[in-house]
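One file, data.csv, carrying CSV, N, CA and C atoms:
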chain,number,residue,atom,x,y,z
A,18,MET,N,0.8,-1.2,0.0
A,18,MET,CA,0.0,0.0,0.0
A,18,MET,C,0.9,1.3,0.0
A,19,SER,N,2.1,1.1,0.4
A,19,SER,CA,3.0,2.3,0.4
A,19,SER,C,3.3,2.8,-1.0
A,20,PHE,N,3.0,2.0,-2.0
A,20,PHE,CA,3.3,2.4,-3.4
A,20,PHE,C,2.0,3.1,-4.0
A,21,CYS,N,0.9,3.1,-3.3
A,21,CYS,CA,-0.3,3.7,-3.8
A,21,CYS,C,-0.5,5.1,-3.3
A,22,ALA,N,-1.0,6.0,-4.3
A,22,ALA,CA,-1.4,7.3,-3.9
A,22,ALA,C,-2.7,7.2,-3.0
A,23,ASP,N,-2.9,8.2,-2.2
A,23,ASP,CA,-4.1,8.2,-1.3
A,23,ASP,C,-5.4,8.1,-2.2
A,24,ASP,N,-5.3,8.8,-3.4
A,24,ASP,CA,-6.5,8.8,-4.2
A,24,ASP,C,-6.5,7.7,-5.3
A,25,THR,N,-5.8,6.6,-5.1
A,25,THR,CA,-5.7,5.6,-6.1
A,25,THR,C,-7.1,5.1,-6.4
A,26,HIS,N,-7.2,4.7,-7.7
A,26,HIS,CA,-8.5,4.3,-8.3
A,26,HIS,C,-8.3,3.0,-9.0
A,27,TRP,N,-8.8,1.9,-8.6
A,27,TRP,CA,-8.6,0.6,-9.2
A,27,TRP,C,-10.0,0.1,-9.8
A,28,THR,N,-10.0,-0.2,-11.1
A,28,THR,CA,-11.1,-0.7,-11.8
A,28,THR,C,-10.9,-2.1,-12.3
A,29,PHE,N,-11.7,-3.0,-11.8
A,29,PHE,CA,-11.7,-4.4,-12.3
A,29,PHE,C,-12.8,-4.5,-13.4
A,30,VAL,N,-12.4,-4.4,-14.6
A,30,VAL,CA,-13.3,-4.3,-15.7
A,30,VAL,C,-14.4,-5.4,-15.7
A,31,GLY,N,-15.6,-4.9,-15.7
A,31,GLY,CA,-16.8,-5.9,-15.7
A,31,GLY,C,-17.1,-6.3,-14.3
A,32,ASP,N,-16.4,-5.8,-13.2
A,32,ASP,CA,-16.7,-6.2,-11.9
A,32,ASP,C,-16.9,-5.1,-10.9
A,33,LYS,N,-15.8,-4.4,-10.4
A,33,LYS,CA,-16.0,-3.4,-9.4
A,33,LYS,C,-14.9,-2.3,-9.6
A,34,THR,N,-15.1,-1.2,-8.9
A,34,THR,CA,-14.1,-0.1,-8.8
A,34,THR,C,-13.9,0.2,-7.4
A,35,LEU,N,-12.6,0.3,-7.0
A,35,LEU,CA,-12.2,0.7,-5.7
A,35,LEU,C,-11.6,2.1,-5.7
A,36,LYS,N,-12.1,2.9,-4.8
A,36,LYS,CA,-11.6,4.3,-4.7
A,36,LYS,C,-10.9,4.6,-3.4
A,37,GLY,N,-9.6,4.8,-3.5
A,37,GLY,CA,-8.8,5.2,-2.3
A,37,GLY,C,-8.1,4.0,-1.7
A,38,LYS,N,-7.0,4.3,-1.0
A,38,LYS,CA,-6.2,3.2,-0.4
A,38,LYS,C,-7.0,2.3,0.6
A,39,GLU,N,-7.8,2.9,1.4
A,39,GLU,CA,-8.6,2.1,2.3
A,39,GLU,C,-9.5,1.1,1.7
A,40,ALA,N,-10.1,1.4,0.6
A,40,ALA,CA,-11.0,0.5,-0.2
A,40,ALA,C,-10.1,-0.6,-0.8
A,41,VAL,N,-8.9,-0.3,-1.3
A,41,VAL,CA,-8.0,-1.3,-1.8
A,41,VAL,C,-7.6,-2.3,-0.7
A,42,ARG,N,-7.2,-1.7,0.5
A,42,ARG,CA,-6.8,-2.5,1.6
A,42,ARG,C,-7.9,-3.5,2.1
A,43,GLN,N,-9.1,-3.0,2.2
A,43,GLN,CA,-10.2,-3.9,2.6
A,43,GLN,C,-10.5,-5.0,1.6
A,44,TRP,N,-10.4,-4.6,0.3
A,44,TRP,CA,-10.6,-5.6,-0.8
A,44,TRP,C,-9.5,-6.7,-0.7
A,45,MET,N,-8.3,-6.3,-0.5
A,45,MET,CA,-7.2,-7.3,-0.4
A,45,MET,C,-7.4,-8.2,0.8
A,46,ALA,N,-7.8,-7.6,1.9
A,46,ALA,CA,-8.0,-8.4,3.2
A,46,ALA,C,-9.1,-9.5,3.0
A,47,THR,N,-10.1,-9.2,2.2
A,47,THR,CA,-11.2,-10.2,2.0
A,47,THR,C,-11.0,-11.1,0.8
A,48,THR,N,-10.2,-10.7,-0.2
A,48,THR,CA,-10.1,-11.4,-1.5
A,48,THR,C,-8.9,-12.4,-1.4
A,49,TYR,N,-7.8,-12.0,-0.8
A,49,TYR,CA,-6.6,-12.8,-0.8
A,49,TYR,C,-6.6,-13.6,0.5
A,50,ILE,N,-7.1,-14.8,0.5
A,50,ILE,CA,-7.1,-15.7,1.6
A,50,ILE,C,-5.7,-16.0,2.0
A,51,GLU,N,-4.8,-16.1,1.0
A,51,GLU,CA,-3.4,-16.2,1.2
A,51,GLU,C,-2.8,-15.5,-0.1
A,52,PRO,N,-1.6,-15.0,0.0
A,52,PRO,CA,-1.0,-14.3,-1.2
A,52,PRO,C,-1.1,-15.0,-2.5
A,53,PRO,N,-1.6,-14.4,-3.5
A,53,PRO,CA,-1.7,-15.1,-4.8
A,53,PRO,C,-0.3,-15.3,-5.4
A,54,ASN,N,-0.2,-16.2,-6.4
A,54,ASN,CA,1.0,-16.5,-7.1
A,54,ASN,C,0.9,-15.9,-8.5
A,55,PHE,N,1.7,-14.9,-8.7
A,55,PHE,CA,1.7,-14.2,-10.0
A,55,PHE,C,2.8,-14.7,-10.9
A,56,MET,N,2.5,-14.9,-12.2
A,56,MET,CA,3.5,-15.2,-13.2
A,56,MET,C,3.3,-14.1,-14.2
A,57,VAL,N,4.4,-13.3,-14.3
A,57,VAL,CA,4.3,-12.1,-15.2
A,57,VAL,C,5.0,-12.6,-16.5
A,58,ALA,N,4.3,-12.5,-17.6
A,58,ALA,CA,4.9,-12.9,-18.9
A,58,ALA,C,5.5,-11.7,-19.6
A,59,ASN,N,4.9,-10.6,-19.5
A,59,ASN,CA,5.4,-9.4,-20.1
A,59,ASN,C,5.2,-8.1,-19.3
A,60,LEU,N,6.1,-7.2,-19.3
A,60,LEU,CA,5.9,-5.9,-18.7
A,60,LEU,C,6.3,-4.9,-19.8
A,61,ILE,N,5.4,-3.9,-20.0
A,61,ILE,CA,5.6,-2.9,-21.0
A,61,ILE,C,5.4,-1.6,-20.4
A,62,ALA,N,6.4,-0.7,-20.5
A,62,ALA,CA,6.4,0.6,-19.8
A,62,ALA,C,6.5,1.7,-20.9
A,63,GLU,N,5.7,2.7,-20.7
A,63,GLU,CA,5.8,3.9,-21.6
A,63,GLU,C,5.2,5.1,-20.8
A,64,GLY,N,6.0,6.1,-20.6
A,64,GLY,CA,5.5,7.3,-19.9
A,64,GLY,C,5.1,7.0,-18.5
A,65,ASP,N,3.9,7.3,-18.1
A,65,ASP,CA,3.4,7.1,-16.8
A,65,ASP,C,2.7,5.8,-16.6
A,66,PHE,N,2.8,4.9,-17.7
A,66,PHE,CA,2.0,3.7,-17.7
A,66,PHE,C,3.0,2.4,-17.7
A,67,VAL,N,2.5,1.4,-16.9
A,67,VAL,CA,3.2,0.1,-17.0
A,67,VAL,C,2.0,-0.9,-17.2
A,68,THR,N,2.2,-1.8,-18.2
A,68,THR,CA,1.3,-2.9,-18.4
A,68,THR,C,1.9,-4.2,-18.1
A,69,ALA,N,1.2,-5.0,-17.3
A,69,ALA,CA,1.7,-6.4,-16.9
A,69,ALA,C,0.7,-7.4,-17.5
A,70,LEU,N,1.2,-8.4,-18.1
A,70,LEU,CA,0.4,-9.5,-18.7
A,70,LEU,C,0.9,-10.8,-18.1
A,71,GLY,N,0.0,-11.6,-17.7
A,71,GLY,CA,0.4,-12.9,-17.1
A,71,GLY,C,-0.7,-13.8,-16.6
A,72,ASP,N,-0.4,-14.6,-15.6
A,72,ASP,CA,-1.3,-15.5,-15.0
A,72,ASP,C,-1.3,-15.4,-13.5
A,73,ILE,N,-2.4,-15.7,-12.8
A,73,ILE,CA,-2.5,-15.7,-11.4
A,73,ILE,C,-3.1,-17.0,-10.9
A,74,THR,N,-2.6,-17.5,-9.8
A,74,THR,CA,-3.2,-18.7,-9.2
A,74,THR,C,-3.4,-18.2,-7.7
A,75,MET,N,-4.7,-18.4,-7.3
A,75,MET,CA,-5.0,-18.1,-5.9
A,75,MET,C,-6.1,-19.0,-5.4
A,76,LYS,N,-6.3,-19.0,-4.1
A,76,LYS,CA,-7.3,-19.9,-3.5
A,76,LYS,C,-8.7,-19.2,-3.6
A,77,ASP,N,-9.7,-20.0,-3.9
A,77,ASP,CA,-11.0,-19.5,-4.0
A,77,ASP,C,-11.7,-19.6,-2.6
A,78,GLU,N,-13.0,-19.4,-2.5
A,78,GLU,CA,-13.7,-19.4,-1.2
A,78,GLU,C,-13.6,-20.8,-0.6
A,79,ASP,N,-13.5,-21.8,-1.4
A,79,ASP,CA,-13.5,-23.2,-0.9
A,79,ASP,C,-12.1,-23.7,-0.6
A,80,GLY,N,-11.1,-22.8,-0.8
A,80,GLY,CA,-9.7,-23.2,-0.5
A,80,GLY,C,-9.0,-23.9,-1.7
A,81,LYS,N,-9.7,-24.0,-2.8
A,81,LYS,CA,-9.2,-24.7,-4.0
A,81,LYS,C,-8.4,-23.7,-4.9
A,82,ALA,N,-7.4,-24.1,-5.6
A,82,ALA,CA,-6.6,-23.3,-6.5
A,82,ALA,C,-7.5,-22.8,-7.7
A,83,ALA,N,-7.6,-21.5,-7.9
A,83,ALA,CA,-8.3,-21.0,-9.0
A,83,ALA,C,-7.3,-20.3,-9.9
A,84,HIS,N,-7.4,-20.4,-11.2
A,84,HIS,CA,-6.4,-19.9,-12.2
A,84,HIS,C,-7.1,-18.8,-13.1
A,85,TYR,N,-6.3,-17.8,-13.3
A,85,TYR,CA,-6.7,-16.6,-14.1
A,85,TYR,C,-5.6,-16.1,-15.0
A,86,SER,N,-6.0,-15.5,-16.1
A,86,SER,CA,-5.1,-14.7,-16.9
A,86,SER,C,-5.5,-13.3,-16.7
A,87,TYR,N,-4.5,-12.4,-16.8
A,87,TYR,CA,-4.8,-11.0,-16.5
A,87,TYR,C,-3.9,-10.1,-17.4
A,88,CYS,N,-4.4,-8.9,-17.5
A,88,CYS,CA,-3.7,-7.8,-18.0
A,88,CYS,C,-4.0,-6.6,-17.1
A,89,ASP,N,-2.9,-6.1,-16.4
A,89,ASP,CA,-3.1,-4.9,-15.6
A,89,ASP,C,-2.4,-3.7,-16.2
A,90,ILE,N,-3.1,-2.6,-16.2
A,90,ILE,CA,-2.6,-1.3,-16.8
A,90,ILE,C,-2.5,-0.4,-15.6
A,91,TRP,N,-1.3,-0.1,-15.2
A,91,TRP,CA,-1.0,0.8,-14.0
A,91,TRP,C,-0.6,2.2,-14.5
A,92,ARG,N,-1.2,3.2,-13.9
A,92,ARG,CA,-0.7,4.6,-14.2
A,92,ARG,C,-0.1,5.2,-12.9
A,93,PHE,N,1.0,5.8,-13.1
A,93,PHE,CA,1.8,6.4,-11.9
A,93,PHE,C,1.8,7.9,-12.0
A,94,ARG,N,1.9,8.5,-10.8
A,94,ARG,CA,2.1,9.9,-10.6
A,94,ARG,C,3.0,10.1,-9.5
A,95,GLY,N,4.1,10.8,-9.7
A,95,GLY,CA,5.1,11.0,-8.6
A,95,GLY,C,5.6,9.8,-7.9
A,96,GLY,N,5.7,8.7,-8.7
A,96,GLY,CA,6.2,7.4,-8.2
A,96,GLY,C,5.2,6.6,-7.4
A,97,LYS,N,4.0,7.0,-7.4
A,97,LYS,CA,2.9,6.3,-6.8
A,97,LYS,C,1.8,5.8,-7.8
A,98,ILE,N,1.2,4.7,-7.5
A,98,ILE,CA,0.1,4.1,-8.3
A,98,ILE,C,-1.1,5.0,-8.1
A,99,VAL,N,-1.6,5.6,-9.2
A,99,VAL,CA,-2.9,6.4,-9.0
A,99,VAL,C,-4.1,5.7,-9.7
A,100,GLU,N,-3.7,4.7,-10.6
A,100,GLU,CA,-4.8,4.1,-11.3
A,100,GLU,C,-4.4,2.7,-11.8
A,101,LEU,N,-5.4,1.8,-11.7
A,101,LEU,CA,-5.3,0.4,-12.2
A,101,LEU,C,-6.5,0.1,-13.0
A,102,ARG,N,-6.3,-0.4,-14.2
A,102,ARG,CA,-7.4,-1.1,-15.0
A,102,ARG,C,-7.0,-2.5,-15.1
A,103,ALA,N,-7.8,-3.4,-14.5
A,103,ALA,CA,-7.4,-4.8,-14.5
A,103,ALA,C,-8.5,-5.6,-15.3
A,104,PHE,N,-8.0,-6.4,-16.3
A,104,PHE,CA,-8.8,-7.3,-17.1
A,104,PHE,C,-8.4,-8.7,-16.6
A,105,VAL,N,-9.3,-9.4,-15.9
A,105,VAL,CA,-9.0,-10.7,-15.3
A,105,VAL,C,-10.0,-11.7,-15.8
A,106,ILE,N,-9.5,-12.9,-16.3
A,106,ILE,CA,-10.4,-13.9,-16.9
A,106,ILE,C,-10.1,-15.2,-16.2
A,107,LYS,N,-11.1,-15.9,-15.7
A,107,LYS,CA,-10.8,-17.2,-15.1
A,107,LYS,C,-10.5,-18.2,-16.2
A,108,THR,N,-9.5,-19.0,-16.0
A,108,THR,CA,-9.0,-20.0,-17.0
A,108,THR,C,-9.0,-21.4,-16.5
A,109,GLU,N,-8.8,-22.3,-17.3
A,109,GLU,CA,-8.6,-23.7,-17.0
A,109,GLU,C,-7.2,-24.0,-16.8
A,110,VAL,N,-6.8,-25.0,-16.0
A,110,VAL,CA,-5.5,-25.5,-15.9
A,110,VAL,C,-5.1,-26.3,-17.1
A,111,LYS,N,-4.0,-26.2,-17.7
A,111,LYS,CA,-3.6,-27.0,-18.8
A,111,LYS,C,-3.4,-28.4,-18.4
A,112,ASP,N,-3.8,-29.3,-19.3
A,112,ASP,CA,-3.6,-30.7,-19.2
A,112,ASP,C,-2.1,-31.0,-19.4
A,113,GLU,N,-1.5,-31.5,-18.3
A,113,GLU,CA,0.0,-31.8,-18.4
A,113,GLU,C,0.4,-32.7,-19.5
A,114,THR,N,-0.5,-33.6,-19.9
A,114,THR,CA,-0.1,-34.6,-20.9
A,114,THR,C,-0.3,-34.1,-22.4
A,115,SER,N,-1.3,-33.3,-22.6
A,115,SER,CA,-1.6,-32.8,-24.0
A,115,SER,C,-1.1,-31.4,-24.2
A,116,GLY,N,-0.9,-30.7,-23.1
A,116,GLY,CA,-0.5,-29.3,-23.3
A,116,GLY,C,-1.6,-28.3,-23.6
A,117,SER,N,-2.9,-28.8,-23.5
A,117,SER,CA,-4.0,-27.9,-23.8
A,117,SER,C,-5.0,-28.0,-22.7
A,118,SER,N,-5.9,-27.1,-22.7
A,118,SER,CA,-6.9,-27.0,-21.6
A,118,SER,C,-8.2,-27.4,-22.2
A,119,ALA,N,-9.1,-27.8,-21.3
A,119,ALA,CA,-10.5,-28.2,-21.7
A,119,ALA,C,-11.2,-27.0,-22.4
A,120,ARG,N,-10.9,-25.8,-21.9
A,120,ARG,CA,-11.5,-24.6,-22.5
A,120,ARG,C,-11.0,-24.4,-24.0
A,121,THR,N,-9.7,-24.5,-24.2
A,121,THR,CA,-9.1,-24.3,-25.5
A,121,THR,C,-9.7,-25.4,-26.4
A,122,ASP,N,-9.7,-26.7,-26.0
A,122,ASP,CA,-10.2,-27.8,-26.8
A,122,ASP,C,-11.7,-27.5,-27.2
A,123,SER,N,-12.5,-27.0,-26.3
A,123,SER,CA,-13.9,-26.6,-26.6
A,123,SER,C,-14.0,-25.6,-27.6
A,124,MET,N,-13.1,-24.5,-27.6
A,124,MET,CA,-13.1,-23.5,-28.6
A,124,MET,C,-12.7,-24.0,-29.9
A,125,ARG,N,-11.8,-24.9,-30.0
A,125,ARG,CA,-11.4,-25.5,-31.3
A,125,ARG,C,-12.6,-26.3,-31.9
A,126,SER,N,-13.3,-27.1,-31.1
A,126,SER,CA,-14.3,-27.9,-31.6
A,126,SER,C,-15.5,-27.1,-32.1
A,127,GLN,N,-15.7,-25.9,-31.5
A,127,GLN,CA,-16.8,-25.1,-31.9
A,127,GLN,C,-16.6,-24.4,-33.3
A,128,SER,N,-15.3,-24.4,-33.7
A,128,SER,CA,-15.0,-23.7,-35.0
A,128,SER,C,-14.7,-24.7,-36.0
A,129,GLY,N,-15.1,-25.9,-35.9
A,129,GLY,CA,-14.8,-27.0,-36.9
A,129,GLY,C,-13.4,-27.4,-37.0
A,130,GLY,N,-12.7,-27.4,-35.8
A,130,GLY,CA,-11.3,-27.8,-35.8
A,130,GLY,C,-10.3,-26.7,-35.8
A,131,GLU,N,-10.7,-25.5,-36.2
A,131,GLU,CA,-9.8,-24.4,-36.2
A,131,GLU,C,-9.9,-23.7,-34.9
A,132,SER,N,-8.9,-23.2,-34.3
A,132,SER,CA,-8.9,-22.5,-33.1
A,132,SER,C,-9.4,-21.1,-33.2
A,133,LEU,N,-10.4,-20.7,-32.3
A,133,LEU,CA,-10.8,-19.4,-32.3
A,133,LEU,C,-9.7,-18.5,-31.7
A,134,LEU,N,-8.8,-19.1,-31.1
A,134,LEU,CA,-7.7,-18.3,-30.4
A,134,LEU,C,-6.7,-17.9,-31.5
A,135,SER,N,-6.6,-18.5,-32.6
A,135,SER,CA,-5.6,-18.2,-33.6
A,135,SER,C,-5.9,-17.0,-34.5
A,136,GLY,N,-7.1,-16.4,-34.2
A,136,GLY,CA,-7.4,-15.2,-35.0
A,136,GLY,C,-8.0,-15.5,-36.3

When written as structure tokens, how does the structure in this file appear?
Amino acid sequence: MSFCADDTHWTFVGDKTLKGKEAVRQWMATTYIEPPNFMVANLIAEGDFVTALGDITMKDEDGKAAHYSYCDIWRFRGGKIVELRAFVIKTEVKDETSGSSARTDSMRSQSGGESLLSG
């Protein structure tokens, strides 16, 4: 929280918006049963913005591991975080033997064998 400006504004697109450090602190206390595991694939910085792209694993309400892909866009002012726009999507765990997930396989079958993910 020491890296956040007092007037920080966090938007979880399609979900909720948190205004101010105290709102962020309360959200973290209730959301993170234990610290999440972040895997950052890319960091892109330009001007006052940093974009992080990667995956998150954290415990859900039942204590089971839940997996997400995310893109966070952070805006800074005076070395402090003043804004976050977070795009977070729940994902399936990849099948260790085939290298694909149930969700990806489903998307392929819906398009007649071609992946919807390949553009």

>> Rounded to one decimal, what separation in Å do you get between atom CA of A:Leu70 and atom CA of A:Asp89?
In response: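 These two atoms are separated by 6.6 Å.
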
>> as a VMD selection string, please: the residues near stretch 42-53 of chain A (cut-off 7 Å, only N, CA and C atoms, same-chain neighbours under 3 positions excluded).
In response: chain A and resid 37 to 39 73 to 76

>> Which residues are near A:Asp23? Cut-off 8 Å, all atoms listed in the file, ignore same chain within fewer than 2 positions. Put them as a list in words.
In response: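 Counting only the stated atoms, we get Phe20, Cys21, Thr25, His26, Lys36, Gly37, Lys38, Glu39, Lys97, Ile98 and Val99 of chain A.
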
> To one decimal place, how far is atom CA of A:Arg102 from atom C of A:Gly80 in Å?
Replying inline: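 Answer for the atom CA of A:Arg102 to atom C of A:Gly80 separation: 26.4 Å.
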
> From the set A:Ser86, A:Val41, A:Glu63, A:Arg92, which residue has the shortest atom-to-atom contact distance to A:Phe104, counting only N, CA and C atoms?
Replying inline: A:Ser86

> From the list A:Tyr85, A:Thr68, A:Gly96, A:Phe55, which residue is nearest A:Thr108 when using all atoms listed in the file?
Replying inline: A:Tyr85

>> What does the structure give for the distance between atom CA of A:Tyr87 and atom N of A:Glu109, in Å to one decimal?
In response: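 Computing the Euclidean distance for atom CA of A:Tyr87 and atom N of A:Glu109 yields 12.0 Å.
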
> Which one of A:Asp32, A:Asp65, A:Asp24, A:Asp77 sits closest to A:Trp91 if you count all atoms listed in the file?
Replying inline: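 Answer, going by the shortest atom-to-atom distance: A:Asp65.
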
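Taking only C-alpha atoms into account, the polymer residues that have an atom no farther than 7 Å from (-10.8, 0.9, -14.6) are A:Trp27, A:Thr28, A:Phe29, A:Val30, A:Thr34, A:Leu101, A:Arg102, A:Ala103.
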
> DSSP says helix (DSSP H, G or I) for which residues of stretch 32-109 of chain A? Put them as a PyMOL selection string?
Replying inline: chain A and resi 38-48

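Distances from A:Leu35, A:Val67, A:Ser19, A:Asp72 to A:His84 were compared using all atoms listed in the file, and the smallest one belongs to A:Asp72.
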